[in-house]
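With compact mmCIF, C-alpha atoms inside, this is start_16.txt:
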# COMPACT_ATOMS: atom_id res chain seq x y z
CA MET A 77 -0.48 -36.70 -21.68
CA LEU A 78 -1.03 -35.95 -25.32
CA LEU A 79 2.03 -34.64 -27.18
CA ARG A 80 1.83 -33.38 -30.75
CA ILE A 81 4.52 -32.32 -33.15
CA ASP A 82 4.34 -31.16 -36.74
CA PRO A 83 7.38 -32.10 -38.85
CA THR A 84 6.17 -29.71 -41.60
CA SER A 85 6.37 -26.69 -39.29
CA PRO A 86 9.47 -24.45 -39.49
CA THR A 87 9.88 -24.60 -35.67
CA PRO A 88 12.62 -27.12 -34.74
CA LEU A 89 11.21 -30.46 -33.55
CA PHE A 90 12.98 -30.35 -30.18
CA ASP A 91 11.42 -26.93 -29.54
CA GLN A 92 7.97 -28.19 -30.51
CA LEU A 93 8.28 -31.17 -28.19
CA ALA A 94 9.47 -29.07 -25.24
CA GLN A 95 6.57 -26.66 -25.87
CA ALA A 96 4.10 -29.54 -26.02
CA ILE A 97 5.33 -30.77 -22.63
CA ARG A 98 5.19 -27.27 -21.11
CA GLY A 99 1.69 -26.92 -22.53
CA GLY A 100 0.63 -30.19 -20.94
CA LEU A 101 1.97 -28.96 -17.60
CA ALA A 102 0.27 -25.60 -17.82
CA ALA A 103 -3.02 -27.30 -18.71
CA GLY A 104 -2.64 -29.74 -15.82
CA GLU A 105 -2.55 -32.78 -18.13
CA ILE A 106 0.95 -33.49 -16.84
CA ALA A 107 1.30 -33.32 -13.07
CA PRO A 108 4.33 -32.73 -10.86
CA GLY A 109 5.98 -36.09 -10.11
CA ASP A 110 4.86 -37.61 -13.44
CA ARG A 111 7.49 -39.54 -15.30
CA LEU A 112 7.94 -38.61 -18.95
CA PRO A 113 8.28 -41.50 -21.39
CA ALA A 114 11.80 -42.84 -21.95
CA ALA A 115 13.50 -40.86 -24.73
CA ARG A 116 13.93 -43.95 -26.89
CA GLU A 117 10.23 -44.86 -26.62
CA LEU A 118 8.98 -41.33 -27.23
CA ALA A 119 11.25 -41.00 -30.25
CA ALA A 120 9.92 -44.26 -31.68
CA SER A 121 6.32 -43.19 -31.01
CA LEU A 122 6.72 -39.88 -32.83
CA GLY A 123 9.00 -41.22 -35.53
CA ILE A 124 11.80 -38.79 -34.66
CA ASN A 125 15.41 -39.17 -33.62
CA MET A 126 16.13 -40.07 -29.99
CA HIS A 127 18.65 -37.24 -29.75
CA THR A 128 15.90 -34.78 -30.64
CA VAL A 129 13.91 -35.99 -27.63
CA LEU A 130 17.00 -35.87 -25.41
CA ARG A 131 17.63 -32.30 -26.56
CA SER A 132 14.06 -31.35 -25.55
CA TYR A 133 14.49 -33.02 -22.18
CA ALA A 134 17.82 -31.25 -21.65
CA ALA A 135 16.19 -27.89 -22.45
CA LEU A 136 13.38 -28.62 -19.97
CA ARG A 137 15.90 -29.64 -17.33
CA ASP A 138 17.88 -26.42 -17.87
CA ASP A 139 14.64 -24.48 -17.28
CA GLY A 140 14.02 -26.38 -14.05
CA VAL A 141 10.90 -28.15 -15.33
CA ILE A 142 12.14 -31.75 -15.03
CA HIS A 143 14.82 -33.79 -13.29
CA LEU A 144 16.93 -36.00 -15.51
CA ARG A 145 18.60 -38.91 -13.79
CA ARG A 146 20.30 -41.89 -15.30
CA GLY A 147 18.12 -44.92 -14.73
CA ARG A 148 15.17 -42.96 -13.37
CA GLY A 149 14.37 -41.09 -16.54
CA ALA A 150 12.75 -37.68 -16.78
CA VAL A 151 10.52 -36.72 -13.85
CA VAL A 152 8.53 -33.49 -13.59
CA VAL A 153 9.72 -31.39 -10.61
CA ASP A 154 7.36 -30.68 -7.72
CA ALA A 155 6.72 -27.08 -8.60
CA PRO A 156 7.42 -26.54 -12.29
CA PRO A 157 7.91 -22.82 -12.96
CA GLY A 158 5.60 -22.61 -15.96
CA ARG A 159 2.65 -24.02 -14.10
CA LEU A 160 2.97 -21.56 -11.20
CA GLU A 161 3.38 -18.64 -13.58
CA ILE A 162 0.25 -19.57 -15.53
CA ARG A 163 -1.73 -20.16 -12.36
CA GLU A 164 -0.77 -16.74 -11.00
CA ALA A 165 -1.49 -15.05 -14.30
CA ALA A 166 -4.86 -16.79 -14.49
CA ALA A 167 -5.71 -15.67 -10.96
CA GLN A 168 -4.82 -12.06 -11.86
CA LEU A 169 -6.88 -12.21 -15.04
CA LEU A 170 -9.88 -13.63 -13.16
CA ALA A 171 -9.57 -10.95 -10.47
CA ALA A 172 -9.37 -8.21 -13.11
CA GLY A 173 -12.41 -9.66 -14.85
CA ARG A 174 -14.40 -9.74 -11.62
CA ARG A 175 -13.45 -6.14 -10.80
CA ASN A 176 -14.75 -5.06 -14.20
CA GLY A 177 -17.86 -7.24 -14.04
CA LEU A 178 -16.88 -9.59 -16.89
CA SER A 179 -18.42 -13.07 -17.09
CA LEU A 180 -16.20 -16.11 -17.55
CA ASN A 181 -17.31 -16.30 -21.19
CA GLN A 182 -16.27 -12.70 -21.76
CA ILE A 183 -12.89 -13.43 -20.21
CA HIS A 184 -12.53 -16.39 -22.59
CA GLU A 185 -13.40 -14.10 -25.49
CA ALA A 186 -10.83 -11.59 -24.35
CA LEU A 187 -8.23 -14.37 -24.25
CA ASP A 188 -9.13 -15.53 -27.76
CA GLU A 189 -8.93 -11.95 -28.97
CA GLY A 190 -5.51 -11.59 -27.40
CA ALA A 191 -4.32 -14.83 -29.00
CA ASN A 192 -5.54 -13.75 -32.43
CA SER A 193 -4.23 -10.21 -32.38
CA MET B 20 -25.40 -57.94 -41.67
CA THR B 21 -24.51 -58.75 -38.11
CA GLN B 22 -28.11 -59.86 -37.60
CA THR B 23 -27.90 -62.67 -40.13
CA THR B 24 -24.35 -63.85 -39.49
CA ALA B 25 -24.46 -63.86 -35.69
CA PRO B 26 -26.46 -67.10 -35.14
CA THR B 27 -24.38 -69.19 -37.57
CA GLY B 28 -21.20 -67.70 -36.13
CA ARG B 29 -22.33 -68.70 -32.69
CA VAL B 30 -23.18 -72.24 -33.71
CA ARG B 31 -19.81 -72.58 -35.41
CA ARG B 32 -18.02 -71.30 -32.34
CA LEU B 33 -19.86 -73.70 -30.02
CA ALA B 34 -19.70 -76.79 -32.25
CA LEU B 35 -16.06 -77.72 -31.70
CA PRO B 36 -15.90 -77.34 -27.90
CA ALA B 37 -19.29 -79.08 -27.55
CA ALA B 38 -18.04 -82.01 -29.64
CA ILE B 39 -14.86 -82.21 -27.53
CA ILE B 40 -16.87 -82.17 -24.28
CA LEU B 41 -19.13 -84.98 -25.55
CA ALA B 42 -16.13 -86.99 -26.70
CA CYS B 43 -14.59 -86.61 -23.22
CA VAL B 44 -17.83 -87.78 -21.61
CA VAL B 45 -17.91 -90.80 -23.94
CA VAL B 46 -14.27 -91.61 -23.14
CA SER B 47 -14.81 -91.38 -19.33
CA VAL B 48 -18.03 -93.36 -19.28
CA GLY B 49 -16.84 -95.85 -21.91
CA THR B 50 -13.62 -96.54 -19.99
CA LEU B 51 -15.46 -97.07 -16.70
CA LEU B 52 -17.93 -99.42 -18.43
CA ALA B 53 -15.25 -101.35 -20.29
CA TRP B 54 -13.21 -101.86 -17.12
CA ARG B 55 -16.27 -102.47 -14.92
CA ASP B 56 -15.44 -106.12 -14.19
CA ARG B 57 -11.79 -105.42 -13.41
CA LEU B 58 -12.41 -102.53 -10.97
CA PRO B 59 -12.86 -103.02 -7.21
CA GLU B 60 -16.25 -102.43 -5.58
CA PRO B 61 -16.40 -99.85 -4.09
CA MET B 62 -13.67 -98.06 -6.04
CA ALA B 63 -11.40 -95.26 -4.86
CA THR B 64 -12.53 -91.84 -6.10
CA HIS B 65 -10.35 -89.52 -4.08
CA PHE B 66 -6.68 -89.61 -3.17
CA GLY B 67 -4.71 -87.76 -0.49
CA VAL B 68 -1.61 -85.69 -1.12
CA GLY B 69 0.56 -88.73 -0.39
CA GLY B 70 -1.25 -90.71 -3.08
CA GLN B 71 -3.21 -93.03 -0.75
CA ALA B 72 -6.90 -93.55 -1.47
CA ASP B 73 -9.13 -91.69 1.02
CA GLY B 74 -12.51 -91.45 -0.72
CA PHE B 75 -14.65 -94.27 -2.07
CA MET B 76 -17.80 -94.70 -4.16
CA SER B 77 -19.66 -97.60 -5.67
CA ARG B 78 -18.79 -98.16 -9.32
CA SER B 79 -22.22 -97.02 -10.48
CA THR B 80 -22.18 -93.82 -8.42
CA ASN B 81 -18.70 -93.06 -9.70
CA LEU B 82 -19.90 -93.60 -13.25
CA VAL B 83 -22.76 -91.12 -12.82
CA THR B 84 -20.55 -88.62 -10.97
CA SER B 85 -17.89 -88.73 -13.71
CA LEU B 86 -20.52 -88.31 -16.39
CA LEU B 87 -22.09 -85.29 -14.68
CA MET B 88 -18.76 -83.66 -13.80
CA THR B 89 -17.26 -84.05 -17.26
CA LEU B 90 -20.45 -82.73 -18.84
CA ILE B 91 -21.59 -79.97 -16.51
CA VAL B 92 -18.38 -78.20 -15.43
CA PRO B 93 -17.14 -77.55 -19.01
CA ALA B 94 -20.68 -76.81 -20.23
CA VAL B 95 -21.07 -74.10 -17.58
CA LEU B 96 -17.70 -72.62 -18.57
CA LEU B 97 -18.68 -72.65 -22.23
CA ALA B 98 -22.05 -71.04 -21.48
CA ALA B 99 -20.50 -68.40 -19.23
CA PHE B 100 -18.13 -67.27 -21.97
CA SER B 101 -20.63 -67.35 -24.82
CA VAL B 102 -23.13 -65.05 -23.07
CA ASP B 103 -21.36 -62.22 -24.85
CA LYS B 104 -23.36 -61.80 -28.07
CA ARG B 105 -20.43 -60.62 -30.17
CA GLY B 106 -18.65 -63.80 -29.21
CA SER B 107 -15.48 -61.92 -28.39
CA MET B 108 -14.65 -64.37 -25.64
CA GLY B 109 -15.77 -67.41 -27.64
CA ARG B 110 -12.29 -68.72 -28.35
CA LEU B 111 -11.10 -68.41 -24.76
CA GLY B 112 -14.27 -70.07 -23.49
CA ALA B 113 -13.97 -72.86 -26.05
CA GLY B 114 -10.36 -73.52 -25.06
CA LEU B 115 -11.09 -73.41 -21.35
CA ALA B 116 -14.16 -75.67 -21.57
CA ALA B 117 -12.55 -78.24 -23.88
CA GLY B 118 -9.36 -78.29 -21.81
CA THR B 119 -11.29 -78.76 -18.57
CA ALA B 120 -13.33 -81.61 -20.06
CA ALA B 121 -10.15 -83.32 -21.31
CA PHE B 122 -8.46 -82.85 -17.93
CA LEU B 123 -11.43 -84.33 -16.06
CA ALA B 124 -11.72 -87.26 -18.48
CA ALA B 125 -7.96 -87.93 -18.21
CA LEU B 126 -8.23 -87.98 -14.39
CA THR B 127 -11.17 -90.37 -14.53
CA VAL B 128 -9.27 -92.76 -16.80
CA LEU B 129 -5.95 -92.47 -14.92
CA SER B 130 -7.52 -92.94 -11.48
CA ALA B 131 -9.45 -95.98 -12.73
CA HIS B 132 -6.33 -97.39 -14.33
CA VAL B 133 -4.39 -97.51 -11.03
CA GLN B 134 -7.15 -99.69 -9.53
CA LEU B 135 -7.37 -102.27 -12.29
CA ALA B 136 -7.35 -105.85 -10.90
CA LEU B 137 -7.23 -104.66 -7.27
CA ALA B 138 -9.39 -106.63 -4.84
CA ASP B 139 -9.55 -103.76 -2.34
CA ALA B 140 -9.55 -100.12 -3.45
CA HIS B 141 -7.70 -99.12 -0.24
CA GLU B 142 -4.53 -100.45 -1.85
CA ALA B 143 -4.82 -98.02 -4.76
CA ARG B 144 -2.10 -95.37 -5.06
CA PHE B 145 -2.43 -92.26 -7.22
CA SER B 146 0.81 -90.29 -7.31
CA MET B 147 0.61 -86.50 -7.69
CA LEU B 148 2.90 -86.99 -10.69
CA MET B 149 -0.07 -88.52 -12.51
CA LEU B 150 -1.57 -85.02 -12.59
CA LEU B 151 1.16 -84.05 -15.06
CA PRO B 152 -0.04 -86.15 -18.01
CA GLY B 153 -3.64 -85.15 -17.12
CA THR B 154 -2.72 -81.46 -17.19
CA ALA B 155 -0.68 -81.90 -20.38
CA ILE B 156 -3.65 -83.49 -22.14
CA GLY B 157 -5.95 -80.71 -20.86
CA VAL B 158 -3.61 -77.95 -22.06
CA ALA B 159 -3.09 -79.60 -25.45
CA ILE B 160 -6.83 -80.02 -26.05
CA ALA B 161 -7.45 -76.45 -24.84
CA ALA B 162 -4.87 -75.12 -27.32
CA LEU B 163 -6.43 -77.18 -30.10
CA ALA B 164 -9.96 -75.92 -29.36
CA TYR B 165 -8.71 -72.33 -29.13
CA ARG B 166 -6.83 -72.63 -32.41
CA PHE B 167 -9.69 -74.09 -34.43
CA THR B 168 -12.60 -72.13 -32.98
CA PRO B 169 -13.40 -69.23 -35.33
CA PRO B 170 -12.89 -65.80 -33.77
CA GLY B 171 -15.89 -63.63 -32.94
CA ALA B 172 -17.96 -62.02 -35.66
CA ALA B 173 -16.14 -59.17 -37.41
CA ALA B 174 -16.63 -56.02 -35.38
CA PRO B 175 -18.95 -53.42 -36.87
CA PRO B 176 -17.31 -50.36 -38.46
CA LEU B 177 -16.10 -47.72 -36.06
CA PRO B 178 -19.13 -45.76 -34.83
CA ASP B 179 -18.98 -42.01 -35.35
CA ASP B 180 -20.07 -41.26 -31.79
CA GLN B 181 -16.75 -42.43 -30.35
CA PRO B 182 -14.40 -39.67 -29.22
CA ARG B 183 -12.05 -38.15 -31.80
CA LEU B 184 -9.55 -35.32 -31.85
CA THR B 185 -8.31 -33.18 -34.70
CA LEU B 186 -4.88 -33.78 -36.16
CA ARG B 187 -3.63 -31.42 -38.84
CA PRO B 188 -2.29 -33.16 -41.95
CA GLY B 189 1.26 -34.29 -41.25
CA GLU B 190 0.93 -33.74 -37.53
CA ARG B 191 2.11 -36.58 -35.31
CA ALA B 192 0.83 -37.31 -31.85
CA VAL B 193 1.49 -39.65 -28.97
CA TRP B 194 -0.64 -40.17 -25.89
CA THR B 195 0.70 -41.85 -22.81
CA SER B 196 -0.76 -42.32 -19.38
CA GLN B 197 0.48 -44.04 -16.26
CA ALA B 198 -0.87 -45.33 -12.98
CA THR B 199 0.64 -47.23 -10.09
CA SER B 200 -1.17 -50.01 -8.29
CA LYS B 201 -0.75 -49.07 -4.63
CA VAL B 202 -2.20 -52.41 -3.51
CA VAL B 203 0.32 -54.41 -5.54
CA LEU B 204 3.22 -52.17 -4.56
CA PHE B 205 2.28 -52.39 -0.89
CA ALA B 206 1.82 -56.19 -0.97
CA GLY B 207 5.18 -56.60 -2.70
CA LEU B 208 7.01 -54.36 -0.23
CA VAL B 209 5.38 -56.12 2.74
CA ALA B 210 6.56 -59.49 1.36
CA VAL B 211 10.10 -58.12 0.96
CA ALA B 212 10.05 -56.71 4.52
CA VAL B 213 8.77 -59.96 6.00
CA GLY B 214 11.45 -61.81 4.03
CA VAL B 215 14.19 -59.56 5.42
CA VAL B 216 12.93 -60.09 8.98
CA LEU B 217 12.76 -63.85 8.39
CA ALA B 218 16.32 -63.87 7.08
CA VAL B 219 17.51 -62.23 10.30
CA VAL B 220 15.59 -64.29 12.85
CA GLN B 221 15.66 -67.66 11.12
CA PRO B 222 18.68 -69.87 10.29
CA ASP B 223 17.09 -71.31 7.13
CA VAL B 224 17.40 -68.53 4.53
CA ILE B 225 15.61 -70.25 1.63
CA PRO B 226 12.03 -69.24 2.57
CA ALA B 227 13.25 -65.68 3.21
CA VAL B 228 14.97 -65.51 -0.18
CA ILE B 229 11.87 -66.86 -1.94
CA LEU B 230 9.69 -64.29 -0.16
CA ILE B 231 12.05 -61.43 -1.04
CA VAL B 232 12.27 -62.45 -4.70
CA LEU B 233 8.49 -62.91 -5.03
CA GLY B 234 7.86 -59.61 -3.23
CA ALA B 235 10.28 -57.78 -5.51
CA LEU B 236 8.66 -59.35 -8.58
CA LEU B 237 5.22 -58.33 -7.31
CA ALA B 238 6.29 -54.76 -6.58
CA GLY B 239 7.86 -54.69 -10.04
CA LEU B 240 4.40 -55.22 -11.54
CA ALA B 241 2.89 -52.16 -9.83
CA PRO B 242 3.56 -49.41 -12.43
CA VAL B 243 1.23 -49.51 -15.42
CA ARG B 244 1.48 -47.45 -18.59
CA ALA B 245 -0.48 -47.22 -21.83
CA THR B 246 0.87 -45.51 -24.94
CA VAL B 247 -1.02 -44.74 -28.13
CA ASP B 248 0.85 -43.78 -31.30
CA GLU B 249 0.76 -44.48 -35.02
CA ARG B 250 1.85 -48.06 -34.35
CA GLY B 251 -1.13 -48.81 -32.12
CA LEU B 252 -1.49 -49.36 -28.37
CA ALA B 253 1.46 -50.41 -26.23
CA TRP B 254 0.86 -51.36 -22.63
CA ARG B 255 3.25 -52.14 -19.83
CA MET B 256 2.69 -53.60 -16.41
CA GLY B 257 6.05 -53.41 -14.70
CA PHE B 258 8.35 -55.69 -16.64
CA LEU B 259 5.46 -57.24 -18.59
CA GLY B 260 3.96 -55.65 -21.66
CA ARG B 261 2.79 -56.00 -25.21
CA ARG B 262 2.00 -53.96 -28.26
CA ILE B 263 -1.33 -54.28 -30.04
CA PRO B 264 -0.77 -53.10 -33.63
CA LEU B 265 -3.15 -50.51 -35.06
CA SER B 266 -4.09 -52.96 -37.82
CA ARG B 267 -5.58 -55.33 -35.24
CA ILE B 268 -7.69 -52.64 -33.54
CA THR B 269 -11.20 -51.71 -34.66
CA SER B 270 -12.21 -49.06 -32.12
CA ALA B 271 -11.41 -47.52 -28.75
CA ARG B 272 -13.52 -45.99 -26.02
CA GLU B 273 -13.36 -44.86 -22.43
CA VAL B 274 -15.10 -47.13 -19.97
CA ASP B 275 -15.82 -46.89 -16.27
CA VAL B 276 -14.11 -49.89 -14.72
CA GLU B 277 -15.46 -51.73 -11.70
CA PRO B 278 -12.62 -54.16 -10.93
CA MET B 279 -14.95 -56.91 -9.65
CA ARG B 280 -16.64 -57.12 -13.06
CA TYR B 281 -13.25 -57.95 -14.54
CA GLY B 282 -12.42 -60.53 -11.90
CA GLY B 283 -10.40 -58.28 -9.60
CA TRP B 284 -7.09 -56.44 -9.85
CA GLY B 285 -3.99 -57.16 -11.92
CA TYR B 286 -3.80 -58.97 -15.26
CA ARG B 287 -7.27 -60.44 -15.73
CA ILE B 288 -8.94 -62.68 -18.27
CA SER B 289 -12.71 -62.65 -17.93
CA GLY B 290 -15.95 -62.33 -19.86
CA GLN B 291 -14.88 -58.71 -20.44
CA GLY B 292 -11.78 -59.79 -22.36
CA VAL B 293 -8.20 -59.32 -21.25
CA ALA B 294 -7.71 -56.46 -18.81
CA VAL B 295 -4.96 -54.78 -16.81
CA ILE B 296 -6.75 -53.40 -13.76
CA VAL B 297 -5.06 -51.07 -11.30
CA ALA B 298 -7.98 -49.20 -9.81
CA ALA B 299 -11.67 -48.49 -10.17
CA GLY B 300 -12.36 -45.59 -12.52
CA PRO B 301 -11.63 -44.68 -16.11
CA GLY B 302 -10.18 -47.29 -18.42
CA LEU B 303 -9.17 -47.40 -22.07
CA ARG B 304 -10.99 -50.23 -23.80
CA ILE B 305 -10.18 -51.32 -27.31
CA SER B 306 -11.99 -53.79 -29.55
CA ARG B 307 -9.68 -55.99 -31.56
CA ARG B 308 -10.22 -57.46 -34.98
CA ASP B 309 -10.07 -60.98 -33.54
CA GLY B 310 -13.04 -60.11 -31.34
CA ASN B 311 -11.21 -60.00 -28.01
CA ASP B 312 -11.43 -56.74 -26.06
CA PHE B 313 -8.54 -55.30 -24.10
CA THR B 314 -8.94 -52.87 -21.20
CA ILE B 315 -6.37 -50.98 -19.15
CA THR B 316 -7.18 -48.60 -16.30
CA VAL B 317 -5.23 -45.37 -16.70
CA PRO B 318 -6.19 -41.72 -16.17
CA ASP B 319 -7.30 -39.60 -19.13
CA ALA B 320 -8.38 -42.69 -21.09
CA ARG B 321 -10.80 -40.53 -23.11
CA THR B 322 -7.93 -38.68 -24.82
CA GLY B 323 -6.19 -41.98 -25.55
CA ALA B 324 -9.37 -43.40 -27.08
CA ALA B 325 -9.86 -40.23 -29.13
CA LEU B 326 -6.31 -40.37 -30.53
CA LEU B 327 -6.61 -44.08 -31.29
CA ASN B 328 -9.92 -43.57 -33.13
CA THR B 329 -8.45 -40.65 -35.07
CA LEU B 330 -5.44 -42.74 -36.09
CA LEU B 331 -7.80 -45.56 -37.13
CA ASP B 332 -9.77 -43.10 -39.31
CA GLN B 333 -6.51 -41.93 -40.89
CA SER B 334 -5.28 -45.43 -41.68
CA ALA B 335 -8.71 -46.33 -43.11
CA GLN B 336 -8.47 -43.27 -45.39
CA THR B 337 -4.98 -44.16 -46.57
CA ARG B 338 -6.10 -47.68 -47.39
CA ALA B 339 -9.24 -46.49 -49.21

Could the structure of this file be written out as structure tokens, please?
Amino acid sequence: MLLRIDPTSPTPLFDQLAQAIRGGLAAGEIAPGDRLPAARELAASLGINMHTVLRSYAALRDDGVIHLRRGRGAVVVDAPPGRLEIREAAAQLLAAGRRNGLSLNQIHEALDEGANS
Amino acid sequence: MTQTTAPTGRVRRLALPAAIILACVVVSVGTLLAWRDRLPEPMATHFGVGGQADGFMSRSTNLVTSLLMTLIVPAVLLAAFSVDKRGSMGRLGAGLAAGTAAFLAALTVLSAHVQLALADAHEARFSMLMLLPGTAIGVAIAALAYRFTPPGAAAPPLPDDQPRLTLRPGERAVWTSQATSKVVLFAGLVAVAVGVVLAVVQPDVIPAVILIVLGALLAGLAPVRATVDERGLAWRMGFLGRRIPLSRITSAREVDVEPMRYGGWGYRISGQGVAVIVAAGPGLRISRRDGNDFTITVPDARTGAALLNTLLDQSAQTRA
């Protein structure tokens, strides 16, 4: 899993980190059952405070994305909500595209358009 | 540049271990010749576990055998490791070859020494404890050869065709990937289970305890993780692990790992460098400044290589 944060961005670091993890899940880079790095290690890797990482993990746990257990660390739940939601939305978008005779490239373009608008 | 420096580098890398091997041959042969009149005929050349002589050769045959063994075994080791043109394994090969030659020479001398002034070689005793000084000499010479053999030629600058990713200025990134060796985990758990059964059915608990402890240690080595960040590459194999600082890395790439080419599974040292092998498939391979490669098999190695190369570019820019 590749996690990026930008300390110069106005978004709080713990938010950025949680988003990066959700993004990895939605993209399939992080799989259910994967263990996230220990908070201390991840904090050292990114040069941020350990409590910032713990705050991200706590937020993800509250949203039902990961389990947090003492000694076992942070483990991604079997069916993380974000991943299912994205998969369903993608299926709907693909179906809508097919109904209207759009190619995959055109669907990609539509997505880019939506992201930029 | 590499074209002109490679041959001299190679000669320099081979000179020390070759000299040590020759010296060991001279010591073995010289000792056998010097003691020729005080050694029994035939002389003992093999000893059982209990230390009693159980193999015999004429003095001349033993002389030729010792010469060939002390020369050929280390020479083959040295040749096997120096096939690699960049010489990345040169130091390991030099250490291994020199150490083996010293070990063989020490055994020749020690086993001849126990037969001095014996009329009949059957009386010769060679305690297993004698292997200790032999091994100590071998290890010491190996360390010496490793220390004083120059590392492989400086790696060429990072090629542009290696994978990269884009980091915005100020952005920080970490890549981490994990895998679990099912074979190692399974073997460890089987050992623990057998140990538990043994403990129940057998009055002597010591073998059971040893089996359980070894099994647990083995299972503890099953999870493998690689992490790339601004500090470099950190790898873990269960409770073992090391960090390779960014400053010692020259490039990274994804490779397709066939475990047999690395000498099997687990922590391997081979002609491919040091490797942590869990499964066939993608692996992250880094070239180090000292010329030794390191490989670890984890999923998504391409992203890890891309981040590492990007971080290397960044640190090169800051230094420039």

Counting only C-alpha atoms, which residues from chain A have an atom at most 8 Å from any atom of chain B, and could you show them as a ChimeraX atom specification?
/A:77-84,113,118,121-122

Within 12 Å of A:Ala114 using only C-alpha atoms, minus same-chain residues under 6 positions, as a PyMOL selection string:
(chain A and resi 120-121+126-127+129-130+133+144-151) or (chain B and resi 195+244+246)

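Here atom CA of B:Leu97 is placed at a distance of 14.5 Å from atom CA of B:Ile288.
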
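Residue nearest B:Ile40, chosen from B:Gly302, B:Gly67, B:Pro59, B:Gly157 and counting only C-alpha atoms: B:Gly157.
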
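Checking B:Ala72, B:Leu96, B:Leu115, B:Ile305 one by one against B:Thr168, counting all atoms listed in the file, you find the shortest gap at B:Leu115.
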
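If you look at atom CA of B:Ala136 and atom CA of B:Asp56, they are 8.7 Å away from each other.
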
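Taking atom CA of B:Ile263 as the reference point, atom CA of A:Gly100 is found at 25.8 Å.
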
Would you mind listing what lies within 12 Å of B:Pro301 as a ChimeraX atom specification, with all atoms listed in the file counted and same-chain residues fewer than 3 positions away left out?
/B:196,198,272-278,296-298,304,314-324

Using only C-alpha atoms, which protein or nucleic acid residues come within 12 Å of B:Ala159? Drop anything in the same chain fewer than 3 positions from it, and give the result as an NGL selection string.
:B and (114-115 or 117-122 or 152-156 or 162-166)

Hey, could you pull the box centre and edge lengths for stretch 194-197 of chain B, axis-aligned, 3 Å padding per side, all listed atoms, to one decimal in Å, as JSON?
{"center_x": 0.0, "center_y": -42.1, "center_z": -21.1, "size_x": 7.5, "size_y": 9.9, "size_z": 15.6}
